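Q: Sharing target_22.pdb, PDB, C-alpha atoms:
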```pdb
ATOM      1  CA  MET A   1     120.874 -30.439 -78.176  1.00  0.00           C
ATOM      2  CA  GLN A   2     119.781 -33.074 -80.685  1.00  0.00           C
ATOM      3  CA  ILE A   3     123.012 -32.554 -82.594  1.00  0.00           C
ATOM      4  CA  LEU A   4     124.670 -34.674 -79.901  1.00  0.00           C
ATOM      5  CA  ILE A   5     122.591 -37.601 -81.116  1.00  0.00           C
ATOM      6  CA  ALA A   6     123.907 -36.977 -84.639  1.00  0.00           C
ATOM      7  CA  PHE A   7     127.495 -36.971 -83.344  1.00  0.00           C
ATOM      8  CA  ILE A   8     126.916 -40.218 -81.453  1.00  0.00           C
ATOM      9  CA  VAL A   9     125.225 -41.888 -84.424  1.00  0.00           C
ATOM     10  CA  GLY A  10     128.085 -40.808 -86.687  1.00  0.00           C
ATOM     11  CA  ALA A  11     130.660 -42.174 -84.271  1.00  0.00           C
ATOM     12  CA  VAL A  12     128.818 -45.492 -84.025  1.00  0.00           C
ATOM     13  CA  VAL A  13     128.680 -45.720 -87.824  1.00  0.00           C
ATOM     14  CA  GLY A  14     132.415 -44.991 -87.893  1.00  0.00           C
ATOM     15  CA  ILE A  15     133.120 -47.721 -85.359  1.00  0.00           C
ATOM     16  CA  GLY A  16     131.148 -50.174 -87.450  1.00  0.00           C
ATOM     17  CA  ILE A  17     133.067 -49.210 -90.575  1.00  0.00           C
ATOM     18  CA  HIS A  18     136.388 -49.459 -88.739  1.00  0.00           C
ATOM     19  CA  PHE A  19     135.701 -53.037 -87.713  1.00  0.00           C
ATOM     20  CA  GLN A  20     134.111 -53.992 -91.028  1.00  0.00           C
ATOM     21  CA  LEU A  21     137.062 -53.051 -93.231  1.00  0.00           C
ATOM     22  CA  HIS A  22     140.359 -54.899 -93.445  1.00  0.00           C
ATOM     23  CA  GLN A  23     143.778 -53.501 -92.550  1.00  0.00           C
ATOM     24  CA  ARG A  24     142.663 -52.209 -89.152  1.00  0.00           C
ATOM     25  CA  LEU A  25     146.246 -52.100 -87.957  1.00  0.00           C
ATOM     26  CA  THR A  26     147.202 -49.538 -90.608  1.00  0.00           C
ATOM     27  CA  ARG A  27     145.063 -46.770 -89.119  1.00  0.00           C
ATOM     28  CA  GLY A  28     144.199 -45.500 -85.702  1.00  0.00           C
ATOM     29  CA  VAL A  29     141.162 -46.801 -83.889  1.00  0.00           C
ATOM     30  CA  VAL A  30     139.767 -43.277 -83.500  1.00  0.00           C
ATOM     31  CA  LEU A  31     140.047 -42.162 -87.135  1.00  0.00           C
ATOM     32  CA  ALA A  32     136.844 -43.748 -88.485  1.00  0.00           C
ATOM     33  CA  PRO A  33     134.613 -42.738 -85.532  1.00  0.00           C
ATOM     34  CA  MET A  34     135.907 -39.175 -85.719  1.00  0.00           C
ATOM     35  CA  ILE A  35     135.262 -38.922 -89.457  1.00  0.00           C
ATOM     36  CA  GLY A  36     131.785 -40.348 -88.908  1.00  0.00           C
ATOM     37  CA  ALA A  37     130.978 -38.008 -86.040  1.00  0.00           C
ATOM     38  CA  VAL A  38     132.249 -34.903 -87.806  1.00  0.00           C
ATOM     39  CA  SER A  39     130.427 -35.716 -91.039  1.00  0.00           C
ATOM     40  CA  ALA A  40     127.152 -36.453 -89.215  1.00  0.00           C
ATOM     41  CA  GLY A  41     127.438 -33.258 -87.196  1.00  0.00           C
ATOM     42  CA  ALA A  42     128.237 -31.235 -90.304  1.00  0.00           C
ATOM     43  CA  ALA A  43     125.267 -32.690 -92.200  1.00  0.00           C
ATOM     44  CA  TRP A  44     122.966 -32.008 -89.256  1.00  0.00           C
ATOM     45  CA  SER A  45     124.262 -28.457 -88.886  1.00  0.00           C
ATOM     46  CA  ILE A  46     123.957 -27.677 -92.581  1.00  0.00           C
ATOM     47  CA  LEU A  47     120.401 -28.956 -92.730  1.00  0.00           C
ATOM     48  CA  THR A  48     119.316 -27.038 -89.637  1.00  0.00           C
ATOM     49  CA  TRP A  49     121.013 -23.857 -90.869  1.00  0.00           C
ATOM     50  CA  LEU A  50     119.089 -24.261 -94.124  1.00  0.00           C
ATOM     51  CA  GLY A  51     115.872 -24.286 -92.125  1.00  0.00           C
ATOM     52  CA  VAL A  52     115.079 -27.994 -92.149  1.00  0.00           C
ATOM     53  CA  GLY A  53     113.435 -28.692 -88.819  1.00  0.00           C
ATOM     54  CA  ILE A  54     114.239 -31.578 -86.544  1.00  0.00           C
ATOM     55  CA  ASP A  55     110.609 -32.654 -86.718  1.00  0.00           C
ATOM     56  CA  THR A  56     111.244 -33.829 -90.300  1.00  0.00           C
ATOM     57  CA  PRO A  57     113.115 -37.063 -91.064  1.00  0.00           C
ATOM     58  CA  TRP A  58     115.842 -35.382 -93.166  1.00  0.00           C
ATOM     59  CA  PRO A  59     118.328 -34.462 -90.427  1.00  0.00           C
ATOM     60  CA  TRP A  60     117.919 -37.901 -88.880  1.00  0.00           C
ATOM     61  CA  LEU A  61     118.466 -39.657 -92.205  1.00  0.00           C
ATOM     62  CA  ALA A  62     121.426 -37.413 -92.964  1.00  0.00           C
ATOM     63  CA  ALA A  63     122.965 -38.349 -89.603  1.00  0.00           C
ATOM     64  CA  LEU A  64     122.847 -41.992 -90.726  1.00  0.00           C
ATOM     65  CA  ILE A  65     123.602 -41.794 -94.435  1.00  0.00           C
ATOM     66  CA  VAL A  66     126.261 -39.070 -94.661  1.00  0.00           C
ATOM     67  CA  PRO A  67     128.724 -40.781 -92.274  1.00  0.00           C
ATOM     68  CA  MET A  68     128.422 -43.984 -94.285  1.00  0.00           C
ATOM     69  CA  ALA A  69     128.961 -42.148 -97.561  1.00  0.00           C
ATOM     70  CA  VAL A  70     131.958 -40.199 -96.233  1.00  0.00           C
ATOM     71  CA  THR A  71     133.673 -42.566 -93.800  1.00  0.00           C
ATOM     72  CA  TYR A  72     133.739 -45.726 -95.927  1.00  0.00           C
ATOM     73  CA  PRO A  73     135.686 -44.232 -98.867  1.00  0.00           C
ATOM     74  CA  ALA A  74     137.875 -42.106 -96.586  1.00  0.00           C
ATOM     75  CA  ILE A  75     138.958 -45.106 -94.530  1.00  0.00           C
ATOM     76  CA  THR A  76     139.420 -47.268 -97.619  1.00  0.00           C
ATOM     77  CA  LEU A  77     141.668 -44.660 -99.243  1.00  0.00           C
ATOM     78  CA  THR A  78     143.570 -44.047 -96.024  1.00  0.00           C
ATOM     79  CA  SER A  79     144.265 -47.756 -95.579  1.00  0.00           C
ATOM     80  CA  ARG A  80     145.408 -48.147 -99.187  1.00  0.00           C
ATOM     81  CA  ALA A  81     147.694 -45.138 -98.909  1.00  0.00           C
ATOM     82  CA  ARG A  82     149.213 -46.447 -95.673  1.00  0.00           C
ATOM     83  CA  VAL A  83     149.839 -49.924 -97.097  1.00  0.00           C
ATOM     84  CA  ALA A  84     151.442 -48.441-100.218  1.00  0.00           C
ATOM     85  CA  HIS A  85     153.580 -46.091 -98.129  1.00  0.00           C
ATOM     86  CA  ASP A  86     154.720 -48.923 -95.865  1.00  0.00           C
ATOM     87  CA  ALA A  87     155.652 -51.039 -98.909  1.00  0.00           C
ATOM     88  CA  ARG A  88     157.666 -48.164-100.393  1.00  0.00           C
ATOM     89  CA  GLU A  89     159.462 -47.594 -97.097  1.00  0.00           C
ATOM     90  CA  LYS A  90     160.297 -51.288 -96.728  1.00  0.00           C
ATOM     91  CA  ALA A  91     161.693 -51.328-100.259  1.00  0.00           C
ATOM     92  CA  ARG A  92     163.663 -48.129 -99.648  1.00  0.00           C
ATOM     93  CA  LEU A  93     165.138 -49.461 -96.409  1.00  0.00           C
ATOM     94  CA  GLY A  94     165.761 -52.939 -97.800  1.00  0.00           C
ATOM     95  CA  ILE A  95     163.553 -54.642 -95.225  1.00  0.00           C
ATOM     96  CA  GLY A  96     161.643 -57.770 -96.207  1.00  0.00           C
TER      97      GLY A  96
END
```
Take the structure in the file and give it back as structure tokens.
A:
Amino acid sequence: MQILIAFIVGAVVGIGIHFQLHQRLTRGVVLAPMIGAVSAGAAWSILTWLGVGIDTPWPWLAALIVPMAVTYPAITLTSRARVAHDAREKARLGIG
């Protein structure tokens, strides 16, 4: 049941990253929270499957740190790829 807290924390971290980074209009509003939630849930699941109990701080720290470490570069790369793709398409179509 505590894994729901990890999913929520990951989504909140993703929302924060979405609004912190530039080029918000180049990606969907749900992409960063979903990446954060999935990465936090995966980290929590992996740690509990490895036998790390929820009474230790490691799953809780993983639910905070892993989404930051995964979501920030993923969103940065996604935004860069989208901007580059849009520029190539504009050049190909002769727009702007």
Q: Looking at A:Ile65, A:Leu77, A:Leu47, A:Ile95, which one is nearest to His22 (chain A), with distances taken over only C-alpha atoms?
A: A:Leu77
Q: Could you tell me how far CA of Gly28 (chain A) lies from CA of Ser45 (chain A), in Å and to one decimal?
A: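 We find that CA of Gly28 (chain A) and CA of Ser45 (chain A) lie 26.4 Å from each other.
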Q: What is the distance between CA of Gly14 (chain A) and CA of Gly41 (chain A), in Å to one decimal?
A: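 For CA of Gly14 (chain A) relative to CA of Gly41 (chain A), the distance reads 12.8 Å.
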Q: To one decimal place in Å, what is the distance between CA of Pro59 (chain A) and CA of Ala6 (chain A)?
A: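 Separation between CA of Pro59 (chain A) and CA of Ala6 (chain A): 8.4 Å.
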Q: Point out the residue among A:Ala40, A:Leu25, A:Val83, A:Met68 with the least atom-to-atom distance to Val9 (chain A), counting only C-alpha atoms.
A: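 Ranked by minimum distance to Val9 (chain A), first place goes to A:Ala40.
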Q: Could you name the residues that touch Val13 (chain A) at 9 Å or less, counting only C-alpha atoms, but leaving out those on the same chain fewer than 4 positions away, as a PyMOL selection string?
A: chain A and resi 8-9+17-18+32-33+36-37+64+67-68+71
Q: Could you check which of A:Ala43, A:Val66, A:Ile75, A:Met1 is closest to Arg27 (chain A), using all atoms listed in the file?
A: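 Among the listed residues, A:Ile75 lies closest to Arg27 (chain A).
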Q: Which protein, DNA or RNA residues have an atom at most 10 Å from (119.3, -28.6, -89.7), counting only C-alpha atoms? List them as number ranges by chain.
A: A: 3, 41-54, 56, 58-60, 62
Q: For a quick check of understanding, using only C-alpha atoms, which of A:Ala91, A:Ile15, A:Leu21, A:Val30 has the smallest distance to Thr76 (chain A)?
A: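 Using only C-alpha atoms, the shortest distance to Thr76 (chain A) belongs to A:Leu21.
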Q: Of the candidates A:Leu93, A:Leu4, A:Ile35, A:Val29, which one gets nearest to Ala69 (chain A) if we count only C-alpha atoms?
A: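 Going through A:Leu93, A:Leu4, A:Ile35, A:Val29 one by one, the smallest distance to Ala69 (chain A) is for A:Ile35.
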Q: Identify which of the residues A:His85, A:Arg92, A:Ile5, A:Val12 lies closest to Thr26 (chain A), counting only C-alpha atoms when measuring atom-to-atom distances.
A: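 Looking only at the distances to Thr26 (chain A), the closest residue turns out to be A:His85.
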Q: Can you spit out region 47-84 of chain A with C-alpha atoms, as a PDB file, in the first residue's frame, from the structure just given?
A:
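To be explicit, this is the file written out as decode_18.pdb:
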```pdb
ATOM      1  CA  LEU A  47      14.061  -2.343  -3.322  1.00  0.00           C
ATOM      2  CA  THR A  48      11.180  -4.190  -1.675  1.00  0.00           C
ATOM      3  CA  TRP A  49      11.700  -7.234  -3.907  1.00  0.00           C
ATOM      4  CA  LEU A  50      15.347  -7.223  -2.832  1.00  0.00           C
ATOM      5  CA  GLY A  51      14.200  -7.432   0.772  1.00  0.00           C
ATOM      6  CA  VAL A  52      14.717  -3.839   1.866  1.00  0.00           C
ATOM      7  CA  GLY A  53      11.956  -3.135   4.347  1.00  0.00           C
ATOM      8  CA  ILE A  54       9.795  -0.056   4.403  1.00  0.00           C
ATOM      9  CA  ASP A  55      10.935   0.611   7.956  1.00  0.00           C
ATOM     10  CA  THR A  56      14.338   1.644   6.553  1.00  0.00           C
ATOM     11  CA  PRO A  57      14.884   5.013   4.850  1.00  0.00           C
ATOM     12  CA  TRP A  58      16.115   3.520   1.544  1.00  0.00           C
ATOM     13  CA  PRO A  59      12.788   3.028  -0.250  1.00  0.00           C
ATOM     14  CA  TRP A  60      11.672   6.485   0.842  1.00  0.00           C
ATOM     15  CA  LEU A  61      14.895   8.099  -0.359  1.00  0.00           C
ATOM     16  CA  ALA A  62      14.726   6.149  -3.605  1.00  0.00           C
ATOM     17  CA  ALA A  63      11.178   7.432  -4.163  1.00  0.00           C
ATOM     18  CA  LEU A  64      12.589  10.972  -4.001  1.00  0.00           C
ATOM     19  CA  ILE A  65      15.974  10.649  -5.675  1.00  0.00           C
ATOM     20  CA  VAL A  66      15.324   8.218  -8.540  1.00  0.00           C
ATOM     21  CA  PRO A  67      12.556  10.316 -10.163  1.00  0.00           C
ATOM     22  CA  MET A  68      14.833  13.349 -10.085  1.00  0.00           C
ATOM     23  CA  ALA A  69      17.719  11.400 -11.592  1.00  0.00           C
ATOM     24  CA  VAL A  70      15.548   9.864 -14.324  1.00  0.00           C
ATOM     25  CA  THR A  71      12.971  12.535 -15.154  1.00  0.00           C
ATOM     26  CA  TYR A  72      15.268  15.558 -15.464  1.00  0.00           C
ATOM     27  CA  PRO A  73      17.513  14.120 -18.212  1.00  0.00           C
ATOM     28  CA  ALA A  74      14.603  12.374 -19.944  1.00  0.00           C
ATOM     29  CA  ILE A  75      12.596  15.584 -20.202  1.00  0.00           C
ATOM     30  CA  THR A  76      15.645  17.605 -21.225  1.00  0.00           C
ATOM     31  CA  LEU A  77      16.456  15.167 -24.034  1.00  0.00           C
ATOM     32  CA  THR A  78      12.831  14.945 -25.117  1.00  0.00           C
ATOM     33  CA  SER A  79      12.534  18.727 -25.341  1.00  0.00           C
ATOM     34  CA  ARG A  80      15.774  19.035 -27.309  1.00  0.00           C
ATOM     35  CA  ALA A  81      14.704  16.310 -29.715  1.00  0.00           C
ATOM     36  CA  ARG A  82      11.314  17.955 -30.251  1.00  0.00           C
ATOM     37  CA  VAL A  83      12.820  21.393 -30.897  1.00  0.00           C
ATOM     38  CA  ALA A  84      15.326  19.919 -33.358  1.00  0.00           C
TER      39      ALA A  84
END
```
